[in-house]
file run-v6.txt (compact mmCIF, C-alpha atoms)
# COMPACT_ATOMS: atom_id res chain seq x y z
CA MET B 109 -11.14 -47.29 36.88
CA PRO B 110 -12.00 -44.48 34.42
CA ASN B 111 -15.60 -43.77 33.62
CA ASP B 112 -16.10 -44.40 29.87
CA SER B 113 -19.11 -42.09 29.77
CA GLN B 114 -17.03 -39.02 30.62
CA PRO B 115 -16.45 -36.77 27.62
CA VAL B 116 -12.96 -36.78 26.18
CA PRO B 117 -11.39 -33.33 26.38
CA PRO B 118 -10.73 -31.78 22.97
CA LEU B 119 -7.26 -32.16 21.53
CA THR B 120 -5.41 -28.88 21.36
CA PRO B 121 -3.09 -28.61 18.38
CA PRO B 122 0.27 -26.92 18.89
CA ARG B 123 0.28 -23.23 17.94
CA VAL B 124 3.70 -22.88 16.35
CA ALA B 125 3.05 -21.97 12.70
CA ASP B 126 2.84 -18.16 12.95
CA HIS B 127 0.38 -18.12 10.04
CA LEU B 128 -3.35 -18.91 10.09
CA ALA B 129 -3.30 -21.22 7.05
CA LEU B 130 -0.34 -23.21 8.39
CA GLU B 131 -2.01 -23.43 11.81
CA LEU B 132 -4.89 -25.21 10.06
CA LEU B 133 -2.43 -27.72 8.57
CA ASN B 134 -1.06 -28.29 12.07
CA THR B 135 -4.44 -29.45 13.38
CA VAL B 136 -3.10 -32.87 12.33
CA PHE B 137 -0.10 -33.60 14.54
CA LEU B 138 1.81 -36.34 16.33
CA LEU B 139 0.76 -37.19 19.87
CA ASN B 140 2.65 -39.97 21.65
CA GLY B 141 3.93 -41.19 18.29
CA GLU B 142 0.43 -41.35 16.74
CA LEU B 143 -0.92 -39.05 14.05
CA VAL B 144 -4.07 -37.39 15.41
CA ASP B 145 -6.63 -34.97 13.99
CA SER B 146 -7.77 -32.40 16.54
CA LEU B 147 -10.79 -31.55 14.38
CA GLN B 148 -13.38 -34.21 15.18
CA THR B 149 -16.63 -32.19 15.35
CA ASP B 150 -18.10 -28.89 14.21
CA LYS B 151 -17.49 -27.60 17.75
CA ASP B 152 -13.79 -28.43 17.45
CA VAL B 153 -13.61 -26.30 14.29
CA LEU B 154 -15.46 -23.42 15.99
CA ARG B 155 -13.11 -23.68 18.99
CA TRP B 156 -10.05 -23.73 16.71
CA LEU B 157 -11.28 -20.64 14.84
CA ALA B 158 -11.87 -18.77 18.12
CA ASP B 159 -8.45 -19.82 19.46
CA ASN B 160 -6.89 -18.36 16.32
CA GLY B 161 -8.66 -15.01 16.57
CA TRP B 162 -11.75 -15.73 14.44
CA PRO B 163 -14.70 -16.08 16.81
CA VAL B 164 -17.75 -17.31 14.93
CA LYS B 165 -21.43 -17.09 15.71
CA ASP B 166 -22.60 -20.70 15.74
CA ASN B 167 -25.01 -20.51 12.79
CA LEU B 168 -25.03 -24.24 12.20
CA ALA B 169 -28.34 -25.09 13.89
CA ASN B 170 -30.02 -25.74 10.54
CA SER B 171 -27.05 -27.56 9.03
CA LYS B 172 -26.43 -31.28 8.95
CA PRO B 173 -24.04 -32.35 11.72
CA ASP B 174 -20.36 -32.14 10.84
CA THR B 175 -20.81 -30.04 7.68
CA LEU B 176 -18.37 -27.46 9.07
CA LEU B 177 -15.99 -30.27 10.03
CA HIS B 178 -16.13 -31.73 6.51
CA SER B 179 -15.54 -28.29 4.95
CA ALA B 180 -12.63 -27.55 7.32
CA ARG B 181 -10.97 -30.87 6.55
CA THR B 182 -11.51 -30.37 2.81
CA LEU B 183 -10.02 -26.87 3.01
CA ARG B 184 -7.11 -28.13 5.13
CA GLU B 185 -6.17 -30.80 2.60
CA ALA B 186 -6.54 -28.38 -0.33
CA ILE B 187 -4.20 -25.94 1.45
CA ARG B 188 -1.78 -28.77 2.32
CA LYS B 189 -1.60 -29.90 -1.30
CA LEU B 190 -1.06 -26.34 -2.57
CA VAL B 191 1.59 -25.54 0.07
CA GLU B 192 3.48 -28.75 -0.70
CA THR B 193 3.21 -28.13 -4.45
CA ARG B 194 4.32 -24.50 -4.11
CA LYS B 195 7.16 -25.47 -1.76
CA ALA B 196 8.36 -28.01 -4.34
CA GLY B 197 8.32 -25.27 -7.00
CA LYS B 198 5.74 -27.10 -9.09
CA ARG B 199 2.72 -25.75 -10.90
CA ALA B 200 -0.42 -26.00 -8.78
CA ASP B 201 -3.96 -26.80 -9.86
CA VAL B 202 -5.94 -24.07 -8.12
CA ALA B 203 -9.43 -24.65 -9.57
CA HIS B 204 -10.78 -26.54 -6.53
CA PHE B 205 -9.33 -23.96 -4.14
CA ASN B 206 -10.69 -21.06 -6.20
CA ALA B 207 -14.16 -22.62 -5.96
CA PHE B 208 -13.81 -22.50 -2.17
CA LEU B 209 -12.70 -18.85 -2.33
CA ALA B 210 -15.68 -18.00 -4.52
CA GLU B 211 -17.99 -18.91 -1.62
CA SER B 212 -16.56 -16.08 0.49
CA GLN B 213 -18.97 -13.24 1.18
CA SER B 214 -17.28 -10.21 2.72
CA HIS B 215 -17.31 -6.45 2.68
CA LEU B 216 -15.27 -3.59 4.08
CA LYS B 217 -16.59 -1.77 7.13
CA LEU B 218 -15.54 1.51 8.74
CA SER B 219 -15.57 1.84 12.52
CA PRO B 220 -14.69 4.82 14.74
CA GLY B 221 -11.17 4.90 16.12
CA LYS B 222 -9.36 7.07 18.66
CA GLY B 223 -9.16 10.80 18.14
CA GLY B 224 -11.73 10.92 15.37
CA THR B 225 -9.88 8.46 13.15
CA LEU B 226 -11.54 5.63 11.28
CA ASN B 227 -10.56 1.98 11.20
CA LEU B 228 -11.10 -0.16 8.13
CA GLU B 229 -12.06 -3.77 8.73
CA ARG B 230 -13.26 -6.65 6.60
CA GLU B 231 -16.41 -8.42 7.78
CA TRP B 232 -17.39 -11.88 6.54
CA LYS B 233 -20.86 -13.37 6.33
CA GLN B 234 -21.12 -16.59 8.32
CA ARG B 235 -24.17 -18.43 7.02
CA THR B 236 -22.48 -21.49 5.50
CA PRO B 237 -19.43 -23.56 6.45
CA GLU B 238 -17.55 -22.13 3.46
CA GLU B 239 -18.36 -18.57 4.55
CA ILE B 240 -17.30 -19.37 8.11
CA LEU B 241 -13.95 -20.68 6.83
CA ALA B 242 -13.47 -17.85 4.30
CA PRO B 243 -10.91 -15.89 6.40
CA VAL B 244 -8.72 -19.00 6.58
CA ALA B 245 -9.07 -19.62 2.83
CA GLU B 246 -8.23 -16.00 2.07
CA ALA B 247 -5.19 -16.11 4.39
CA ALA B 248 -4.03 -19.24 2.56
CA ALA B 249 -4.53 -17.57 -0.83
CA GLU B 250 -2.43 -14.59 0.27
CA LEU B 251 0.29 -16.91 1.58
CA LEU B 252 0.31 -18.94 -1.64
CA ALA B 253 0.41 -15.86 -3.88
CA THR B 254 2.64 -13.46 -1.94
CA GLY B 255 4.32 -15.42 0.85
CA ASP B 256 8.08 -15.97 0.82
CA PHE B 257 8.23 -19.75 0.42
CA ASN B 258 11.86 -19.76 1.53
CA LEU B 259 10.34 -18.99 4.95
CA VAL B 260 7.54 -21.57 4.79
CA ARG B 261 9.10 -24.59 6.38
CA HIS B 262 8.40 -28.07 7.57
CA CYS B 263 9.95 -28.87 10.97
CA GLU B 264 13.36 -30.49 10.44
CA ASP B 265 12.63 -33.23 12.97
CA SER B 266 12.20 -36.32 10.79
CA GLU B 267 9.25 -37.50 12.88
CA CYS B 268 7.41 -34.17 13.01
CA VAL B 269 4.61 -33.19 10.61
CA LEU B 270 4.25 -29.52 11.58
CA TRP B 271 4.68 -26.47 9.34
CA PHE B 272 5.66 -22.91 10.25
CA TYR B 273 6.39 -19.50 8.74
CA ASP B 274 9.85 -18.40 9.86
CA ARG B 275 9.47 -14.85 11.09
CA THR B 276 12.69 -14.86 13.12
CA ARG B 277 15.11 -12.03 12.44
CA SER B 278 17.84 -14.34 11.14
CA HIS B 279 15.43 -16.63 9.24
CA HIS B 280 17.28 -19.69 10.53
CA ARG B 281 14.42 -21.35 12.41
CA ARG B 282 14.61 -25.12 11.97
CA TRP B 283 12.12 -26.57 14.44
CA CYS B 284 8.42 -26.20 15.03
CA SER B 285 9.33 -25.52 18.66
CA MET B 286 12.64 -25.36 20.51
CA ALA B 287 10.88 -26.76 23.59
CA THR B 288 9.97 -30.01 21.81
CA CYS B 289 11.63 -30.93 18.53
CA GLY B 290 14.54 -28.49 18.86
CA ASN B 291 15.46 -29.67 22.35
CA ARG B 292 15.08 -33.35 21.45
CA ASN B 293 17.37 -32.95 18.43
CA LYS B 294 19.97 -30.92 20.32
CA VAL B 295 20.11 -33.56 23.07
CA ALA B 296 20.44 -36.32 20.45
CA ALA B 297 23.25 -34.41 18.67
CA PHE B 298 25.03 -33.84 22.01
CA ARG B 299 24.81 -37.56 22.88
CA LYS B 300 26.10 -38.51 19.43
CA ARG B 301 29.10 -36.14 19.78
CA HIS B 302 29.75 -37.36 23.31
CA GLN B 303 29.71 -41.02 22.20
CA ALA B 304 32.06 -40.22 19.29
CA GLU B 305 34.55 -38.58 21.67
CA ASN B 306 34.63 -41.64 23.98
call {"tool": "encode", "arguments": {"input": "run-v6.txt", "output": "structure tokens"}}
result
Amino acid sequence: MPNDSQPVPPLTPPRVADHLALELLNTVFLLNGELVDSLQTDKDVLRWLADNGWPVKDNLANSKPDTLLHSARTLREAIRKLVETRKAGKRADVAHFNAFLAESQSHLKLSPGKGGTLNLEREWKQRTPEEILAPVAEAAAELLATGDFNLVRHCEDSECVLWFYDRTRSHHRRWCSMATCGNRNKVAAFRKRHQAEN
């Protein structure tokens, strides 16, 4: 009999989007036929940021619990709405999203490179949830303004909710993952053809 007091391991969202902003959208995904949100606590958001290359100093000691979680979910839904609107070719209301971007505090920084060269990096302040999430918001803004939306796609599996940026050479990617949705759909198509032949 399982011990109910044991902590539940964090849900790990699939990493199939090939773009930071779309990876945030994919933190809501299907698991065993149920829609789940892998972001349940501030720590989940910090873990997700680190897993996606944005390690954050946990500066939330003086914040109310789940303020980062609330900001991440708010940002995620703002991005989702804008991506869906842009994908549909409609005019987007960007005022709410621009307010989020206005909270970003960053600056350029030079650091020594190999052979006397210099590297240019952007460094973000991380005092508030909005500042912590600023790199994700800025990545989303760049995608929305300059991304090729012919390559921003929703998985073609009718039961899948995941998004991805098609960076394949042929630009014919149809599935979030060949190992899951792609394989399932190919097997279903094979069975359908086989049944039609018999």
call {"tool": "residues_around", "arguments": {"input": "run-v6.txt", "residues": "Glu192 of chain B", "least_positions_apart": "4", "cutoff": "12 Å", "atoms": "only C-alpha atoms", "output": "MDAnalysis selection string"}}
result
chainID B and resid 130 133 185:188 196:201 252 257 260:262 271
call {"tool": "atom_distance", "arguments": {"input": "run-v6.txt", "atom1": "atom CA of Leu119 of chain B", "atom2": "atom CA of Ser146 of chain B"}}
result
5.0 Å
call {"tool": "residues_near_point", "arguments": {"input": "run-v6.txt", "point": "(5.5, -20.1, 15.3)", "cutoff": "9 Å", "atoms": "all atoms listed in the file", "output": "list in words"}}
result
Arg123, Val124, Ala125, Asp126, His127, Glu131, Trp271, Phe272, Tyr273, Asp274, Arg275, Cys284 and Ser285 of chain B
call {"tool": "write_last_selection", "arguments": {"input": "run-v6.txt", "atoms": "C-alpha atoms", "output": "CSV table (one decimal), in the coordinates of the input"}}
result
chain,number,residue,atom,x,y,z
B,123,ARG,CA,0.3,-23.2,17.9
B,124,VAL,CA,3.7,-22.9,16.4
B,125,ALA,CA,3.0,-22.0,12.7
B,126,ASP,CA,2.8,-18.2,13.0
B,127,HIS,CA,0.4,-18.1,10.0
B,131,GLU,CA,-2.0,-23.4,11.8
B,271,TRP,CA,4.7,-26.5,9.3
B,272,PHE,CA,5.7,-22.9,10.2
B,273,TYR,CA,6.4,-19.5,8.7
B,274,ASP,CA,9.8,-18.4,9.9
B,275,ARG,CA,9.5,-14.8,11.1
B,284,CYS,CA,8.4,-26.2,15.0
B,285,SER,CA,9.3,-25.5,18.7
call {"tool": "residues_around", "arguments": {"input": "run-v6.txt", "residues": "Val164 of chain B", "least_positions_apart": "4", "cutoff": "12 Å", "atoms": "only C-alpha atoms", "output": "VMD selection string"}}
result
chain B and resid 150 to 151 153 to 160 168 176 231 to 237 239 to 243
call {"tool": "write_last_selection", "arguments": {"input": "run-v6.txt", "atoms": "C-alpha atoms", "output": "short mmCIF file (atom, residue, chain, number, x, y, z; two decimals), keeping the file's coordinate frame"}}
result
data_model
loop_
_atom_site.label_atom_id
_atom_site.label_comp_id
_atom_site.auth_asym_id
_atom_site.auth_seq_id
_atom_site.Cartn_x
_atom_site.Cartn_y
_atom_site.Cartn_z
CA ASP B 150 -18.10 -28.89 14.21
CA LYS B 151 -17.49 -27.60 17.75
CA VAL B 153 -13.61 -26.30 14.29
CA LEU B 154 -15.46 -23.42 15.99
CA ARG B 155 -13.11 -23.68 18.99
CA TRP B 156 -10.05 -23.73 16.71
CA LEU B 157 -11.28 -20.64 14.84
CA ALA B 158 -11.87 -18.77 18.12
CA ASP B 159 -8.45 -19.82 19.46
CA ASN B 160 -6.89 -18.36 16.32
CA LEU B 168 -25.03 -24.24 12.20
CA LEU B 176 -18.37 -27.46 9.07
CA GLU B 231 -16.41 -8.42 7.78
CA TRP B 232 -17.39 -11.88 6.54
CA LYS B 233 -20.86 -13.37 6.33
CA GLN B 234 -21.12 -16.59 8.32
CA ARG B 235 -24.17 -18.43 7.02
CA THR B 236 -22.48 -21.49 5.50
CA PRO B 237 -19.43 -23.56 6.45
CA GLU B 239 -18.36 -18.57 4.55
CA ILE B 240 -17.30 -19.37 8.11
CA LEU B 241 -13.95 -20.68 6.83
CA ALA B 242 -13.47 -17.85 4.30
CA PRO B 243 -10.91 -15.89 6.40
#
call {"tool": "residues_around", "arguments": {"input": "run-v6.txt", "residues": "Leu228 of chain B", "least_positions_apart": "4", "cutoff": "7 Å", "atoms": "only C-alpha atoms", "output": "short mmCIF file (atom, residue, chain, number, x, y, z; two decimals) with C-alpha atoms, in the frame of the given file"}}
result
data_model
loop_
_atom_site.label_atom_id
_atom_site.label_comp_id
_atom_site.auth_asym_id
_atom_site.auth_seq_id
_atom_site.Cartn_x
_atom_site.Cartn_y
_atom_site.Cartn_z
CA LEU B 216 -15.27 -3.59 4.08
CA LYS B 217 -16.59 -1.77 7.13
CA LEU B 218 -15.54 1.51 8.74
CA SER B 219 -15.57 1.84 12.52
#
call {"tool": "closest_residue", "arguments": {"input": "run-v6.txt", "among": "B:Ala210, B:Met286, B:Val144, B:Leu128", "to": "Glu250 of chain B", "atoms": "all atoms listed in the file"}}
result
B:Leu128
call {"tool": "axis_aligned_box", "arguments": {"input": "run-v6.txt", "around": "segment 191-206 of chain B", "padding_each_side": "4 Å", "output": "AutoDock Vina command-line options"}}
result
--center_x -1.2 --center_y -24.9 --center_z -5.4 --size_x 27.1 --size_y 15.7 --size_z 19.0
call {"tool": "atom_distance", "arguments": {"input": "run-v6.txt", "atom1": "atom CA of Glu267 of chain B", "atom2": "atom CA of Pro122 of chain B"}}
result
15.1 Å
call {"tool": "residues_around", "arguments": {"input": "run-v6.txt", "residues": "Asp145 of chain B", "least_positions_apart": "2", "cutoff": "9 Å", "atoms": "only C-alpha atoms", "output": "count of residues only"}}
result
10
call {"tool": "closest_residue", "arguments": {"input": "run-v6.txt", "among": "B:Thr193, B:Pro118, B:Asp152, B:Cys263", "to": "Asp174 of chain B", "atoms": "all atoms listed in the file"}}
result
B:Asp152
call {"tool": "atom_distance", "arguments": {"input": "run-v6.txt", "atom1": "atom CA of Val191 of chain B", "atom2": "atom CA of Arg292 of chain B"}}
result
26.5 Å
call {"tool": "closest_residue", "arguments": {"input": "run-v6.txt", "among": "B:Lys189, B:Ser212, B:Asn227, B:Arg194", "to": "Ala253 of chain B", "atoms": "all atoms listed in the file"}}
result
B:Arg194
call {"tool": "decode", "arguments": {"input": "run-v6.txt", "residues": "segment 127-143 of chain B", "atoms": "C-alpha atoms", "output": "PDB file, in the first residue's frame"}}
result
ATOM      1  CA  HIS B 127      11.571  27.195 -28.824  1.00  0.00           C
ATOM      2  CA  LEU B 128      11.543  28.515 -25.245  1.00  0.00           C
ATOM      3  CA  ALA B 129       8.142  30.243 -25.497  1.00  0.00           C
ATOM      4  CA  LEU B 130       6.486  27.153 -26.997  1.00  0.00           C
ATOM      5  CA  GLU B 131       8.122  24.962 -24.333  1.00  0.00           C
ATOM      6  CA  LEU B 132       6.270  27.080 -21.757  1.00  0.00           C
ATOM      7  CA  LEU B 133       2.977  26.387 -23.562  1.00  0.00           C
ATOM      8  CA  ASN B 134       3.808  22.677 -23.429  1.00  0.00           C
ATOM      9  CA  THR B 135       3.955  22.677 -19.631  1.00  0.00           C
ATOM     10  CA  VAL B 136       0.255  21.807 -19.992  1.00  0.00           C
ATOM     11  CA  PHE B 137       0.095  18.406 -21.672  1.00  0.00           C
ATOM     12  CA  LEU B 138      -1.835  15.142 -21.839  1.00  0.00           C
ATOM     13  CA  LEU B 139      -0.810  12.366 -19.473  1.00  0.00           C
ATOM     14  CA  ASN B 140      -2.777   9.117 -19.620  1.00  0.00           C
ATOM     15  CA  GLY B 141      -5.570  10.940 -21.429  1.00  0.00           C
ATOM     16  CA  GLU B 142      -5.811  13.702 -18.791  1.00  0.00           C
ATOM     17  CA  LEU B 143      -4.763  17.319 -19.265  1.00  0.00           C
TER      18      LEU B 143
END
